[in-house]
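Undergrad: The following file, my_file24.txt, comprises compact mmCIF, C-alpha atoms:
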```txt
# COMPACT_ATOMS: atom_id res chain seq x y z
CA MET Z 1 -28.10 -0.03 14.66
CA SER Z 2 -30.96 1.56 12.71
CA MET Z 3 -30.72 2.16 8.97
CA PHE Z 4 -30.63 5.91 9.67
CA ASP Z 5 -27.65 5.46 12.02
CA GLN Z 6 -25.83 3.18 9.59
CA LEU Z 7 -26.22 5.64 6.73
CA SER Z 8 -25.29 8.56 8.99
CA ALA Z 9 -22.05 6.76 9.85
CA SER Z 10 -21.05 6.45 6.18
CA THR Z 11 -18.19 8.81 5.28
CA LEU Z 12 -19.48 8.85 1.72
CA LEU Z 13 -22.78 10.37 2.83
CA SER Z 14 -21.32 12.94 5.19
CA GLY Z 15 -22.52 15.76 2.89
CA LEU Z 16 -26.19 14.82 3.34
CA SER Z 17 -28.41 16.48 5.94
CA GLN Z 18 -30.25 14.39 8.52
CA THR Z 19 -33.48 14.98 6.57
CA HIS Z 20 -31.88 13.63 3.44
CA ILE Z 21 -30.42 10.65 5.29
CA ALA Z 22 -33.94 9.90 6.50
CA VAL Z 23 -35.21 10.02 2.89
CA LEU Z 24 -32.36 7.75 1.81
CA SER Z 25 -33.16 5.33 4.66
CA SER Z 26 -36.65 4.83 3.27
CA ALA Z 27 -35.12 3.46 0.07
CA ALA Z 28 -32.54 1.27 1.81
CA ARG Z 29 -32.48 -2.27 3.18
CA GLU Z 30 -29.89 -4.62 4.60
CA VAL Z 31 -28.85 -7.55 2.43
CA THR Z 32 -26.31 -10.34 2.65
CA PHE Z 33 -24.48 -12.33 0.00
CA ALA Z 34 -22.82 -15.68 0.40
CA ALA Z 35 -19.30 -16.11 -0.96
CA GLY Z 36 -19.66 -16.84 -4.66
CA GLU Z 37 -23.08 -15.21 -4.93
CA ARG Z 38 -23.35 -12.79 -7.84
CA LEU Z 39 -24.78 -9.30 -7.26
CA PHE Z 40 -25.22 -8.62 -10.95
CA GLU Z 41 -24.15 -9.74 -14.39
CA GLU Z 42 -22.23 -7.69 -16.91
CA GLY Z 43 -24.58 -6.28 -19.55
CA ALA Z 44 -27.78 -6.67 -17.51
CA PRO Z 45 -30.04 -3.67 -16.78
CA ALA Z 46 -28.45 -1.70 -13.93
CA LYS Z 47 -30.61 -1.42 -10.84
CA GLY Z 48 -29.38 -1.09 -7.29
CA CYS Z 49 -26.44 0.32 -5.43
CA TRP Z 50 -24.73 -1.37 -2.48
CA LEU Z 51 -22.81 0.19 0.38
CA VAL Z 52 -20.58 -2.65 1.55
CA GLN Z 53 -20.60 -3.02 5.32
CA ARG Z 54 -18.61 -6.24 5.71
CA GLY Z 55 -16.94 -8.69 3.35
CA CYS Z 56 -15.62 -8.16 -0.14
CA VAL Z 57 -17.08 -7.86 -3.62
CA ALA Z 58 -15.11 -8.41 -6.82
CA ILE Z 59 -15.85 -6.38 -9.93
CA ASP Z 60 -15.19 -8.63 -12.89
CA ALA Z 61 -15.44 -8.98 -16.63
CA GLY Z 62 -15.81 -12.11 -18.68
CA ILE Z 63 -12.92 -12.52 -21.09
CA PRO Z 64 -13.22 -15.25 -23.70
CA GLY Z 65 -10.67 -17.96 -23.01
CA ARG Z 66 -9.89 -16.60 -19.54
CA GLY Z 67 -13.23 -16.65 -17.79
CA PRO Z 68 -14.15 -13.91 -15.32
CA VAL Z 69 -11.21 -11.58 -14.65
CA VAL Z 70 -11.29 -9.50 -11.47
CA VAL Z 71 -10.46 -5.87 -12.18
CA GLN Z 72 -10.99 -4.54 -8.66
CA THR Z 73 -12.32 -5.54 -5.28
CA VAL Z 74 -14.54 -3.39 -3.11
CA GLY Z 75 -14.55 -3.60 0.67
CA PRO Z 76 -16.29 -2.14 3.73
CA GLY Z 77 -17.19 1.52 3.39
CA GLU Z 78 -17.04 1.39 -0.40
CA VAL Z 79 -19.84 1.33 -2.97
CA VAL Z 80 -20.71 -1.20 -5.64
CA GLY Z 81 -22.85 -0.10 -8.55
CA TRP Z 82 -23.12 3.26 -10.22
CA SER Z 83 -24.16 2.33 -13.78
CA TRP Z 84 -27.81 2.91 -12.80
CA LEU Z 85 -27.03 6.62 -12.63
CA ILE Z 86 -26.33 7.19 -16.32
CA THR Z 87 -28.25 5.93 -19.34
CA PRO Z 88 -28.36 3.33 -20.85
CA ALA Z 89 -28.20 2.01 -17.26
CA ARG Z 90 -26.59 -1.33 -17.98
CA TRP Z 91 -23.85 -2.94 -15.90
CA HIS Z 92 -20.49 -2.47 -17.57
CA PHE Z 93 -18.92 -5.09 -15.33
CA GLY Z 94 -20.20 -7.91 -13.18
CA ALA Z 95 -19.99 -8.12 -9.39
CA ILE Z 96 -19.63 -11.18 -7.19
CA ALA Z 97 -19.17 -11.59 -3.44
CA VAL Z 98 -15.80 -13.23 -2.78
CA ALA Z 99 -16.46 -13.51 0.95
CA PRO Z 100 -19.64 -13.51 3.02
CA THR Z 101 -20.77 -9.93 2.52
CA ALA Z 102 -23.24 -7.63 4.22
CA ALA Z 103 -24.35 -4.46 2.47
CA ILE Z 104 -26.98 -1.76 2.45
CA GLU Z 105 -28.88 -1.95 -0.80
CA LEU Z 106 -30.39 1.25 -2.15
CA ASP Z 107 -33.46 1.10 -4.34
CA THR Z 108 -32.13 3.21 -7.19
CA ASP Z 109 -35.54 3.66 -8.85
CA GLN Z 110 -36.75 5.37 -5.68
CA LEU Z 111 -33.46 7.21 -5.30
CA ARG Z 112 -33.67 8.63 -8.80
CA ALA Z 113 -37.34 9.61 -8.28
CA PHE Z 114 -36.47 11.40 -5.02
CA ALA Z 115 -33.57 13.19 -6.66
CA GLU Z 116 -35.62 14.33 -9.66
CA HIS Z 117 -38.39 15.52 -7.37
CA ASP Z 118 -36.06 17.42 -5.02
CA PRO Z 119 -32.77 18.71 -6.43
CA THR Z 120 -31.63 19.74 -2.92
CA PHE Z 121 -31.59 15.99 -2.23
CA GLY Z 122 -30.32 15.01 -5.66
CA TYR Z 123 -27.34 17.35 -5.65
CA PRO Z 124 -25.58 16.02 -2.51
CA VAL Z 125 -26.37 12.47 -3.61
CA ALA Z 126 -24.80 13.20 -7.00
CA ILE Z 127 -21.77 14.76 -5.27
CA ALA Z 128 -21.41 11.68 -3.04
CA MET Z 129 -21.53 9.40 -6.08
CA LEU Z 130 -19.08 11.63 -7.96
CA THR Z 131 -16.69 11.60 -5.00
CA MET Z 132 -16.76 7.82 -5.01
CA VAL Z 133 -16.32 7.63 -8.78
CA LEU Z 134 -13.39 10.08 -8.59
CA ASP Z 135 -11.69 8.02 -5.88
CA ARG Z 136 -12.13 4.91 -8.00
CA LEU Z 137 -10.76 6.74 -11.06
CA GLN Z 138 -7.69 7.94 -9.12
CA THR Z 139 -6.87 4.48 -7.82
CA THR Z 140 -7.29 3.08 -11.31
CA ARG Z 141 -4.95 5.73 -12.71
CA ALA Z 142 -2.42 4.90 -10.00
CA ARG Z 143 -2.53 1.27 -11.06
CA LEU Z 144 -2.14 2.24 -14.71
CA LEU Z 145 1.18 3.86 -13.79
CA ASP Z 146 2.43 0.32 -13.04
CA LEU Z 147 4.55 1.78 -10.25
CA TYR Z 148 5.92 -1.50 -8.94
CA ARG Z 149 7.38 -2.53 -12.28
CA ASN Z 150 11.10 -3.18 -12.29
CA PRO Z 151 12.65 -0.08 -13.94
CA ALA Z 152 14.97 -2.41 -15.81
CA ASP Z 153 11.99 -3.87 -17.65
CA THR Z 154 11.71 -1.06 -20.16
CA PRO Z 155 8.53 -1.31 -22.18
CA THR Z 156 9.21 -2.12 -25.83
CA ARG Z 157 8.75 0.92 -28.08
CA ARG Z 158 7.19 0.31 -31.44
CA MET G 1 34.80 4.93 3.93
CA LEU G 2 36.66 1.63 3.80
CA PRO G 3 34.20 -1.24 3.25
CA ALA G 4 34.19 -4.12 5.70
CA ARG G 5 34.35 -7.54 4.12
CA TYR G 6 31.22 -9.66 4.51
CA VAL G 7 30.48 -13.06 3.06
CA VAL G 8 27.14 -14.18 1.68
CA THR G 9 25.96 -17.04 3.89
CA GLY G 10 22.36 -17.24 2.74
CA ARG G 11 20.36 -16.37 -0.34
CA THR G 12 16.56 -16.55 -0.39
CA VAL G 13 14.78 -15.99 -3.67
CA GLU G 14 11.84 -13.69 -2.95
CA THR G 15 10.45 -12.98 -6.43
CA ALA G 16 11.59 -13.27 -10.04
CA ASP G 17 13.91 -10.27 -9.60
CA SER G 18 14.56 -10.01 -5.86
CA VAL G 19 16.56 -11.97 -3.33
CA THR G 20 17.34 -11.60 0.35
CA LEU G 21 20.98 -12.06 1.27
CA ARG G 22 22.34 -12.96 4.68
CA LEU G 23 25.78 -11.45 5.11
CA GLU G 24 28.24 -12.30 7.87
CA PRO G 25 31.38 -10.31 8.67
CA LEU G 26 34.83 -11.65 7.88
CA GLU G 27 36.36 -9.04 10.15
CA ARG G 28 35.10 -6.37 12.57
CA PRO G 29 31.39 -5.94 11.84
CA ILE G 30 29.77 -2.60 11.11
CA PRO G 31 27.73 -1.07 13.98
CA ARG G 32 24.19 -2.29 14.58
CA PHE G 33 21.55 -0.83 12.31
CA GLN G 34 18.36 1.02 13.12
CA PRO G 35 15.18 0.25 11.13
CA GLY G 36 15.19 2.32 7.95
CA GLN G 37 18.94 2.76 7.73
CA PHE G 38 20.89 1.59 4.70
CA THR G 39 24.32 0.28 3.90
CA MET G 40 26.53 0.84 0.88
CA LEU G 41 27.01 -2.62 -0.61
CA TYR G 42 29.98 -3.14 -2.86
CA ALA G 43 30.10 -5.87 -5.50
CA HIS G 44 33.79 -6.33 -6.15
CA GLY G 45 34.84 -5.07 -9.51
CA VAL G 46 31.37 -3.82 -10.37
CA GLY G 47 30.41 -1.01 -8.04
CA GLU G 48 28.61 0.14 -4.93
CA ILE G 49 24.95 0.93 -4.25
CA ALA G 50 22.79 1.90 -1.30
CA VAL G 51 20.60 -0.92 0.00
CA SER G 52 18.27 -0.68 2.97
CA VAL G 53 18.68 -3.17 5.76
CA SER G 54 15.70 -5.49 5.96
CA GLY G 55 16.69 -7.65 8.93
CA ASP G 56 15.14 -8.12 12.34
CA PRO G 57 16.40 -5.33 14.62
CA SER G 58 15.67 -7.40 17.73
CA VAL G 59 18.13 -10.14 16.74
CA VAL G 60 21.48 -9.47 18.35
CA ASP G 61 24.17 -10.82 16.05
CA SER G 62 26.60 -9.36 13.57
CA ALA G 63 24.85 -10.67 10.46
CA LEU G 64 23.10 -8.38 8.02
CA THR G 65 19.93 -9.12 6.07
CA GLN G 66 19.46 -7.15 2.86
CA THR G 67 16.93 -7.57 0.10
CA ILE G 68 18.12 -6.70 -3.39
CA ARG G 69 16.19 -6.23 -6.59
CA ALA G 70 18.14 -6.68 -9.79
CA VAL G 71 17.77 -3.38 -11.62
CA GLY G 72 21.24 -2.28 -12.77
CA ALA G 73 24.72 -3.77 -13.07
CA VAL G 74 25.61 -3.57 -9.37
CA SER G 75 22.27 -4.75 -8.05
CA ARG G 76 22.34 -7.58 -10.60
CA ALA G 77 25.79 -8.65 -9.38
CA LEU G 78 24.63 -8.56 -5.75
CA HIS G 79 21.39 -10.31 -6.64
CA ASP G 80 23.34 -13.09 -8.32
CA ALA G 81 25.85 -13.44 -5.46
CA GLU G 82 25.86 -17.05 -4.28
CA PRO G 83 26.81 -18.15 -0.75
CA GLY G 84 30.56 -17.78 -0.34
CA THR G 85 30.74 -14.55 -2.33
CA VAL G 86 32.57 -11.76 -0.51
CA VAL G 87 31.08 -8.27 -0.71
CA GLY G 88 32.03 -4.92 0.80
CA VAL G 89 29.79 -3.18 3.33
CA ARG G 90 29.84 0.41 4.62
CA GLY G 91 27.39 1.87 7.07
CA PRO G 92 24.82 1.75 8.45
CA TYR G 93 23.90 5.23 7.34
CA GLY G 94 21.05 7.69 7.48
CA VAL G 95 18.08 8.55 9.61
CA GLY G 96 15.75 5.62 10.08
CA TRP G 97 12.05 5.16 10.77
CA GLN G 98 12.37 5.59 14.54
CA PRO G 99 9.48 3.29 15.51
CA SER G 100 9.70 4.66 19.06
CA LEU G 101 7.98 7.80 17.73
CA ALA G 102 4.88 5.62 17.49
CA TRP G 103 4.91 4.29 21.06
CA GLU G 104 1.44 4.49 22.62
CA ARG G 105 0.00 5.27 19.19
CA ASP G 106 -1.72 3.43 16.35
CA VAL G 107 0.76 2.32 13.72
CA VAL G 108 0.02 2.11 10.00
CA VAL G 109 2.66 0.63 7.72
CA VAL G 110 2.08 1.13 3.99
CA ALA G 111 4.43 -0.64 1.59
CA GLY G 112 4.39 -0.80 -2.18
CA GLY G 113 6.43 -3.33 -4.13
CA VAL G 114 10.02 -3.61 -2.86
CA GLY G 115 9.18 -0.79 -0.43
CA LEU G 116 8.38 -3.54 2.04
CA ALA G 117 12.11 -4.31 2.41
CA PRO G 118 13.01 -1.18 4.43
CA LEU G 119 9.74 -1.47 6.36
CA ARG G 120 10.20 -5.10 7.40
CA PRO G 121 12.38 -4.05 10.38
CA VAL G 122 9.60 -1.70 11.52
CA VAL G 123 7.01 -4.48 11.38
CA LEU G 124 9.34 -6.82 13.28
CA ALA G 125 10.20 -4.11 15.82
CA VAL G 126 6.52 -3.43 16.51
CA LEU G 127 5.72 -7.14 16.77
CA ALA G 128 8.68 -7.68 19.12
CA GLN G 129 7.38 -5.00 21.49
CA ARG G 130 3.73 -5.18 20.67
CA TRP G 131 2.65 -3.82 24.08
CA ARG G 132 4.26 -0.47 23.33
CA TYR G 133 1.89 0.27 20.45
CA ARG G 134 -1.87 0.44 20.03
CA ARG G 135 -3.61 -0.75 16.88
CA PHE G 136 -1.26 -2.08 14.19
CA ILE G 137 -2.20 -2.09 10.51
CA VAL G 138 0.03 -3.25 7.66
CA VAL G 139 -1.01 -2.49 4.06
CA VAL G 140 1.09 -4.06 1.32
CA GLY G 141 0.64 -3.64 -2.42
CA ALA G 142 2.26 -5.64 -5.18
CA ARG G 143 1.98 -5.82 -8.92
CA THR G 144 0.79 -9.44 -8.89
CA PRO G 145 0.36 -12.07 -6.15
CA ARG G 146 3.73 -13.58 -7.09
CA GLU G 147 5.54 -10.31 -6.48
CA PHE G 148 5.06 -9.96 -2.75
CA LEU G 149 8.32 -9.98 -0.82
CA TYR G 150 8.49 -12.20 2.29
CA SER G 151 5.39 -14.14 1.28
CA ASP G 152 5.74 -16.68 4.11
CA GLU G 153 6.09 -13.92 6.68
CA LEU G 154 3.08 -12.10 5.27
CA LYS G 155 1.07 -15.26 5.93
CA TRP G 156 2.31 -15.41 9.54
CA TRP G 157 1.58 -11.75 10.13
CA SER G 158 -1.91 -12.19 8.61
CA ALA G 159 -2.59 -15.12 10.92
CA ARG G 160 -1.90 -13.04 14.04
CA ASP G 161 -4.79 -11.36 15.75
CA ASP G 162 -2.77 -8.36 16.96
CA VAL G 163 -2.03 -6.99 13.51
CA ALA G 164 -4.41 -6.25 10.63
CA VAL G 165 -2.73 -7.12 7.34
CA GLU G 166 -4.22 -5.90 4.06
CA LEU G 167 -2.65 -7.28 0.90
CA THR G 168 -3.69 -5.92 -2.45
CA VAL G 169 -2.48 -6.48 -6.01
CA ASP G 170 -2.68 -4.40 -9.15
CA HIS G 171 -3.43 -7.42 -11.29
CA ALA G 172 -5.11 -10.55 -10.02
CA ALA G 173 -3.97 -13.97 -11.11
CA ASP G 174 -5.73 -17.31 -11.19
CA GLY G 175 -6.35 -18.49 -7.67
CA TRP G 176 -5.94 -15.08 -6.01
CA THR G 177 -8.92 -14.50 -3.75
CA GLY G 178 -7.60 -11.37 -2.02
CA GLN G 179 -7.98 -7.71 -2.78
CA VAL G 180 -7.39 -6.18 -6.19
CA GLY G 181 -6.65 -2.47 -6.19
CA PHE G 182 -4.15 0.17 -5.19
CA VAL G 183 -2.92 0.55 -1.59
CA THR G 184 -4.91 3.76 -1.22
CA GLN G 185 -8.13 1.75 -1.36
CA PRO G 186 -7.74 -0.14 1.94
CA LEU G 187 -6.07 2.95 3.36
CA SER G 188 -9.23 4.97 2.65
CA ARG G 189 -11.51 2.71 4.62
CA LEU G 190 -9.45 1.23 7.44
CA PRO G 191 -10.55 2.25 10.91
CA LEU G 192 -8.17 4.98 12.04
CA ASP G 193 -7.84 7.28 15.00
CA PRO G 194 -6.09 9.92 12.87
CA ALA G 195 -4.74 12.16 15.63
CA ALA G 196 -3.22 9.13 17.37
CA THR G 197 -1.80 7.48 14.23
CA THR G 198 1.78 7.33 13.04
CA ALA G 199 2.24 6.06 9.48
CA PHE G 200 5.37 4.62 7.89
CA VAL G 201 5.17 4.63 4.09
CA CYS G 202 7.63 3.28 1.54
CA GLY G 203 7.41 2.56 -2.15
CA PRO G 204 7.68 4.43 -5.44
CA GLU G 205 7.36 8.18 -4.86
CA PRO G 206 3.93 8.58 -6.50
CA MET G 207 2.64 5.73 -4.35
CA MET G 208 3.95 7.47 -1.22
CA ARG G 209 2.41 10.76 -2.34
CA PHE G 210 -0.99 9.19 -3.05
CA SER G 211 -0.90 7.32 0.26
CA ALA G 212 0.12 10.43 2.19
CA ASP G 213 -2.70 12.39 0.52
CA ILE G 214 -5.24 9.83 1.74
CA LEU G 215 -3.76 9.84 5.24
CA LEU G 216 -3.81 13.65 5.32
CA ARG G 217 -7.38 13.68 4.09
CA ARG G 218 -8.28 11.34 6.90
CA GLY G 219 -6.71 13.70 9.41
CA VAL G 220 -3.32 12.13 10.12
CA PRO G 221 -0.90 15.03 10.78
CA ALA G 222 1.82 15.47 8.13
CA ASP G 223 4.56 15.24 10.75
CA ARG G 224 3.21 11.83 11.77
CA ILE G 225 3.56 10.43 8.25
CA ARG G 226 7.08 9.17 7.71
CA ILE G 227 8.30 8.27 4.24
CA SER G 228 11.60 6.98 2.86
CA LEU G 229 13.15 8.96 0.04
CA GLU G 230 15.24 7.33 -2.61
CA ARG G 231 17.92 9.25 -4.44
CA ASN G 232 21.19 8.38 -6.08
CA MET G 233 23.46 7.94 -3.09
CA LYS G 234 27.18 7.67 -3.63
CA CYS G 235 29.19 8.45 -0.51
CA GLY G 236 26.47 7.74 2.08
CA ILE G 237 27.88 10.30 4.49
CA GLY G 238 26.71 13.64 3.14
CA GLN G 239 29.96 14.62 1.43
CA CYS G 240 29.48 14.19 -2.31
CA GLY G 241 26.09 15.85 -2.87
CA HIS G 242 24.79 13.24 -5.31
CA CYS G 243 21.64 12.70 -3.31
CA GLN G 244 20.78 16.33 -2.72
CA LEU G 245 17.06 17.02 -2.74
CA GLY G 246 16.40 20.70 -2.09
CA PRO G 247 17.89 21.45 1.32
CA LEU G 248 18.33 17.77 2.14
CA LEU G 249 21.16 15.39 1.58
CA VAL G 250 19.09 12.26 1.54
CA CYS G 251 21.88 9.97 2.75
CA ARG G 252 22.52 12.15 5.79
CA ASP G 253 19.18 13.86 6.54
CA GLY G 254 17.09 10.89 5.35
CA PRO G 255 16.29 8.55 3.84
CA VAL G 256 13.38 8.67 6.28
CA VAL G 257 11.79 12.09 6.70
CA ASP G 258 8.37 13.22 7.77
CA TYR G 259 5.88 14.31 5.17
CA ALA G 260 5.63 17.84 6.52
CA ARG G 261 9.23 18.22 5.33
CA ALA G 262 9.04 16.07 2.21
CA ALA G 263 5.73 17.01 0.61
CA ASP G 264 7.03 19.98 -1.37
CA LEU G 265 10.25 18.19 -2.30
CA LEU G 266 8.38 15.27 -3.87
CA SER G 267 6.92 17.60 -6.47
CA VAL G 268 10.42 18.61 -7.64
CA ARG G 269 11.26 16.86 -10.87
CA GLU G 270 14.28 14.58 -10.61
CA LEU G 271 17.53 16.44 -10.91
```
Would you mind writing the file's structure down as structure tokens?

TA:
Amino acid sequence: MSMFDQLSASTLLSGLSQTHIAVLSSAAREVTFAAGERLFEEGAPAKGCWLVQRGCVAIDAGIPGRGPVVVQTVGPGEVVGWSWLITPARWHFGAIAVAPTAAIELDTDQLRAFAEHDPTFGYPVAIAMLTMVLDRLQTTRARLLDLYRNPADTPTRR
Amino acid sequence: MLPARYVVTGRTVETADSVTLRLEPLERPIPRFQPGQFTMLYAHGVGEIAVSVSGDPSVVDSALTQTIRAVGAVSRALHDAEPGTVVGVRGPYGVGWQPSLAWERDVVVVAGGVGLAPLRPVVLAVLAQRWRYRRFIVVVGARTPREFLYSDELKWWSARDDVAVELTVDHAADGWTGQVGFVTQPLSRLPLDPAATTAFVCGPEPMMRFSADILLRRGVPADRIRISLERNMKCGIGQCGHCQLGPLLVCRDGPVVDYARAADLLSVREL
């Protein structure tokens, strides 16, 4: 399947026109990660964005005394990496493949340049990223509700 | 209304607060259950609560399998019941999942926490007659890896190639190499044929609402999303009104209802 076809098939990018998908394709390449291979380190300059095709990537944070703690995993059809979008463009968390993983990597320097040059491209891309961020926020909020807690375990009030 | 006497003949510890009891009748057994139905279990001298039946509907015997989480006084007493303890049983009551509604269709089971207990009979019913259904997906969420019910069975189901099992936890623990996230995450990306999908969803109400929203967004019709409501059931036969939810008496008209009927009711604050 061509890069254009792969990107066209992505639900996340359904708001982009065929012309814009073609532009996006020119900044995209297929990559693979072995299990245990790190995509990026927490705190490093943020470059790149990955649309996971197969496998699984863990988003983690290093906690002193506990080592890397996984806060979320990302699977096929989901996106890893959005810190490049907003200054200071540093990774807030790390990312590591926990299974053999195939992804489409977007060159975010090119992506940003395209978007700044042509807002009719930049707007749907920004909406796609925002949609993904919103989904991630909602799932995180759902987890914060701690819904599966035993109701008998009443949190201690201070 | 008179409970039948059953004796606890087996007790399997599932998690730190949940056990599965095997109950056998000491006298005439109650009628056979349908997946999704519940019984009223009576702990002598303590009280009676509604508990969904979690056994295998394809097994023809008079025993009952029920999974109980210790939450209040009655559930704690039932949870602590050792083999030999006699309990009272009424039922089975209510409208169940009706897995036959999903014949010739894709089946998606979504369970959160102890919500897997009422859905276990659906999973077993589908597996027992696998040829009747198309694609079969089971999504199970738990707080931590140690809080999955039926952990051995989940491994067996995962090992089969005719069912896709997605397990996800809210909080990872050392050694957990599976998914970390809410059940809506795998639900958002799983391959679905929405118009031909029937979903069975059970868990805390917000979890069911969030899951149903994702399924609706993906195009699954509301009347093909079945959820199990939980309300304070007392009589179990639609007489006392304790479990009224809008126009429904949950014990009689539910607990399983389709989302087209339940969506508006879930936004009603608890009475």

Undergrad: Nearest to chain Z among G:Tyr6, G:Trp156, G:Phe148, G:Phe33, with distances taken over all atoms listed in the file: which residue is it?

TA: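 When distances to chain Z are compared using all atoms listed in the file, the smallest one comes from G:Phe148.
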
Undergrad: Any idea which chain G residues end up within 7 Å of chain Z if we count all atoms listed in the file, as a ChimeraX atom specification please?

TA: /G:71-72,112-113,142-143,170,172,179-182,184,189,204

Undergrad: For a test of reading the model, state the distance in Å between CA of Asp152 (chain G) and CA of Arg22 (chain G), rounded to one decimal.

TA: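 These two atoms are separated by 17.0 Å.
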
Undergrad: One decimal, Å: what's the distance from CA of Ala34 (chain Z) over to CA of Gly178 (chain G), could you say?

TA: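 Atom-to-atom, CA of Ala34 (chain Z) to CA of Gly178 (chain G), that is 16.0 Å.
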
Undergrad: Have a look at Z:Ile21, Z:Phe33, Z:Ser83, Z:Gly65 and name the one nearest to Asp5 (chain Z); count all atoms listed in the file.

TA: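 Looking only at the distances to Asp5 (chain Z), the closest residue turns out to be Z:Ile21.
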
Undergrad: Do you have the CA of Arg5 (chain G)-CA of Gln244 (chain G) distance handy?

TA: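 It comes out at 28.3 Å.
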
Undergrad: If we count only C-alpha atoms, what is near region 91-93 of chain G at a cut-off of 6 Å, once residues fewer than 4 positions away on the same chain are taken out, given as a PDB file with C-alpha atoms, in the frame of the given file?

TA:
```pdb
ATOM      1  CA  PHE G  33      21.550  -0.830  12.310  1.00  0.00           C
ATOM      2  CA  GLN G  37      18.940   2.760   7.730  1.00  0.00           C
ATOM      3  CA  PHE G  38      20.890   1.590   4.700  1.00  0.00           C
ATOM      4  CA  THR G  39      24.320   0.280   3.900  1.00  0.00           C
TER       5      THR G  39
END
```

Undergrad: Given the choices G:Val140, G:Val19, G:Val107, G:Val7, which gets closest to Gly203 (chain G) if the distance is worked out from all atoms listed in the file?

TA: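 For Gly203 (chain G), the nearest of the given residues is G:Val140.
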
Undergrad: Using all atoms listed in the file, which residues sit within 12 Å of Ala28 (chain Z) once same-chain residues fewer than 4 positions away are excluded, as a list in words?

TA: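 Surrounding residues, per the criterion: Ser2, Met3, Phe4, Gln6, Leu7, Ile21, Ala22, Val23, Leu24, Gly48, Cys49, Trp50, Leu51, Ala103, Ile104, Glu105, Leu106, Asp107, Thr108, Asp109, Gln110 and Leu111 of chain Z.
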
Undergrad: Could you dump the residues just selected with C-alpha atoms as a compact mmCIF listing (two decimals), keeping the file's coordinate frame?

TA:
```txt
# COMPACT_ATOMS: atom_id res chain seq x y z
CA SER Z 2 -30.96 1.56 12.71
CA MET Z 3 -30.72 2.16 8.97
CA PHE Z 4 -30.63 5.91 9.67
CA GLN Z 6 -25.83 3.18 9.59
CA LEU Z 7 -26.22 5.64 6.73
CA ILE Z 21 -30.42 10.65 5.29
CA ALA Z 22 -33.94 9.90 6.50
CA VAL Z 23 -35.21 10.02 2.89
CA LEU Z 24 -32.36 7.75 1.81
CA GLY Z 48 -29.38 -1.09 -7.29
CA CYS Z 49 -26.44 0.32 -5.43
CA TRP Z 50 -24.73 -1.37 -2.48
CA LEU Z 51 -22.81 0.19 0.38
CA ALA Z 103 -24.35 -4.46 2.47
CA ILE Z 104 -26.98 -1.76 2.45
CA GLU Z 105 -28.88 -1.95 -0.80
CA LEU Z 106 -30.39 1.25 -2.15
CA ASP Z 107 -33.46 1.10 -4.34
CA THR Z 108 -32.13 3.21 -7.19
CA ASP Z 109 -35.54 3.66 -8.85
CA GLN Z 110 -36.75 5.37 -5.68
CA LEU Z 111 -33.46 7.21 -5.30
```

Undergrad: Can you pull out every residue within 10 Å of Leu2 (chain G), counting all atoms listed in the file, but drop anything in the same chain fewer than 6 positions away, and send it as number ranges by chain?

TA: G: 88-91

Undergrad: I'd like the neighbourhood of Val46 (chain G) as a list in words, where a residue qualifies if any of its atoms comes within 8 Å (using only C-alpha atoms), though same-chain residues fewer than 2 positions away should be ignored.

TA: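 Within the cut-off, the hits are Tyr42, Ala43, His44, Glu48, Ala73, Val74 and Ala77 of chain G.
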
Undergrad: Might you pull out every residue within 12 Å of Arg218 (chain G), with all atoms listed in the file counted and same-chain residues fewer than 6 positions away left off, and present them as a PyMOL selection string?

TA: (chain Z and resi 11) or (chain G and resi 184+187-197+211-212+225)

Undergrad: With 8 Å on each side, where is the centre of the axis-aligned box around all listed atoms of region 21-39 of chain G, and how long are its edges in Å to one decimal, as JSON?

TA:
```
{"center_x": 25.8, "center_y": -5.1, "center_z": 7.9, "size_x": 37.2, "size_y": 31.7, "size_z": 29.3}
```

Undergrad: Just give me the residues with any atom within 9 Å of (6.7, 10.7, -5.0), file coordinates, counting all atoms listed in the file, written as a PyMOL selection string.

TA: chain G and resi 203-210+229+263+265-267

Undergrad: Is there a way to complete region 70-76 of chain Z with N, CA and C atoms and then write that out as an mmCIF file, in the frame of the given file?

TA:
```cif
data_model
loop_
_atom_site.group_PDB
_atom_site.id
_atom_site.type_symbol
_atom_site.label_atom_id
_atom_site.label_comp_id
_atom_site.auth_asym_id
_atom_site.auth_seq_id
_atom_site.Cartn_x
_atom_site.Cartn_y
_atom_site.Cartn_z
ATOM 1 N N VAL Z 70 -10.992 -10.516 -12.485
ATOM 2 C CA VAL Z 70 -11.290 -9.500 -11.470
ATOM 3 C C VAL Z 70 -10.482 -8.237 -11.767
ATOM 4 N N VAL Z 71 -11.174 -7.123 -11.907
ATOM 5 C CA VAL Z 71 -10.460 -5.870 -12.180
ATOM 6 C C VAL Z 71 -10.263 -5.044 -10.916
ATOM 7 N N GLN Z 72 -11.093 -5.302 -9.901
ATOM 8 C CA GLN Z 72 -10.990 -4.540 -8.660
ATOM 9 C C GLN Z 72 -11.849 -5.234 -7.610
ATOM 10 N N THR Z 73 -11.454 -5.077 -6.357
ATOM 11 C CA THR Z 73 -12.320 -5.540 -5.280
ATOM 12 C C THR Z 73 -12.788 -4.327 -4.478
ATOM 13 N N VAL Z 74 -13.924 -4.482 -3.858
ATOM 14 C CA VAL Z 74 -14.540 -3.390 -3.110
ATOM 15 C C VAL Z 74 -14.830 -3.902 -1.702
ATOM 16 N N GLY Z 75 -14.422 -3.139 -0.709
ATOM 17 C CA GLY Z 75 -14.550 -3.600 0.670
ATOM 18 C C GLY Z 75 -15.442 -2.699 1.518
ATOM 19 N N PRO Z 76 -15.429 -2.906 2.819
ATOM 20 C CA PRO Z 76 -16.290 -2.140 3.730
ATOM 21 C C PRO Z 76 -16.095 -0.629 3.575
#
```
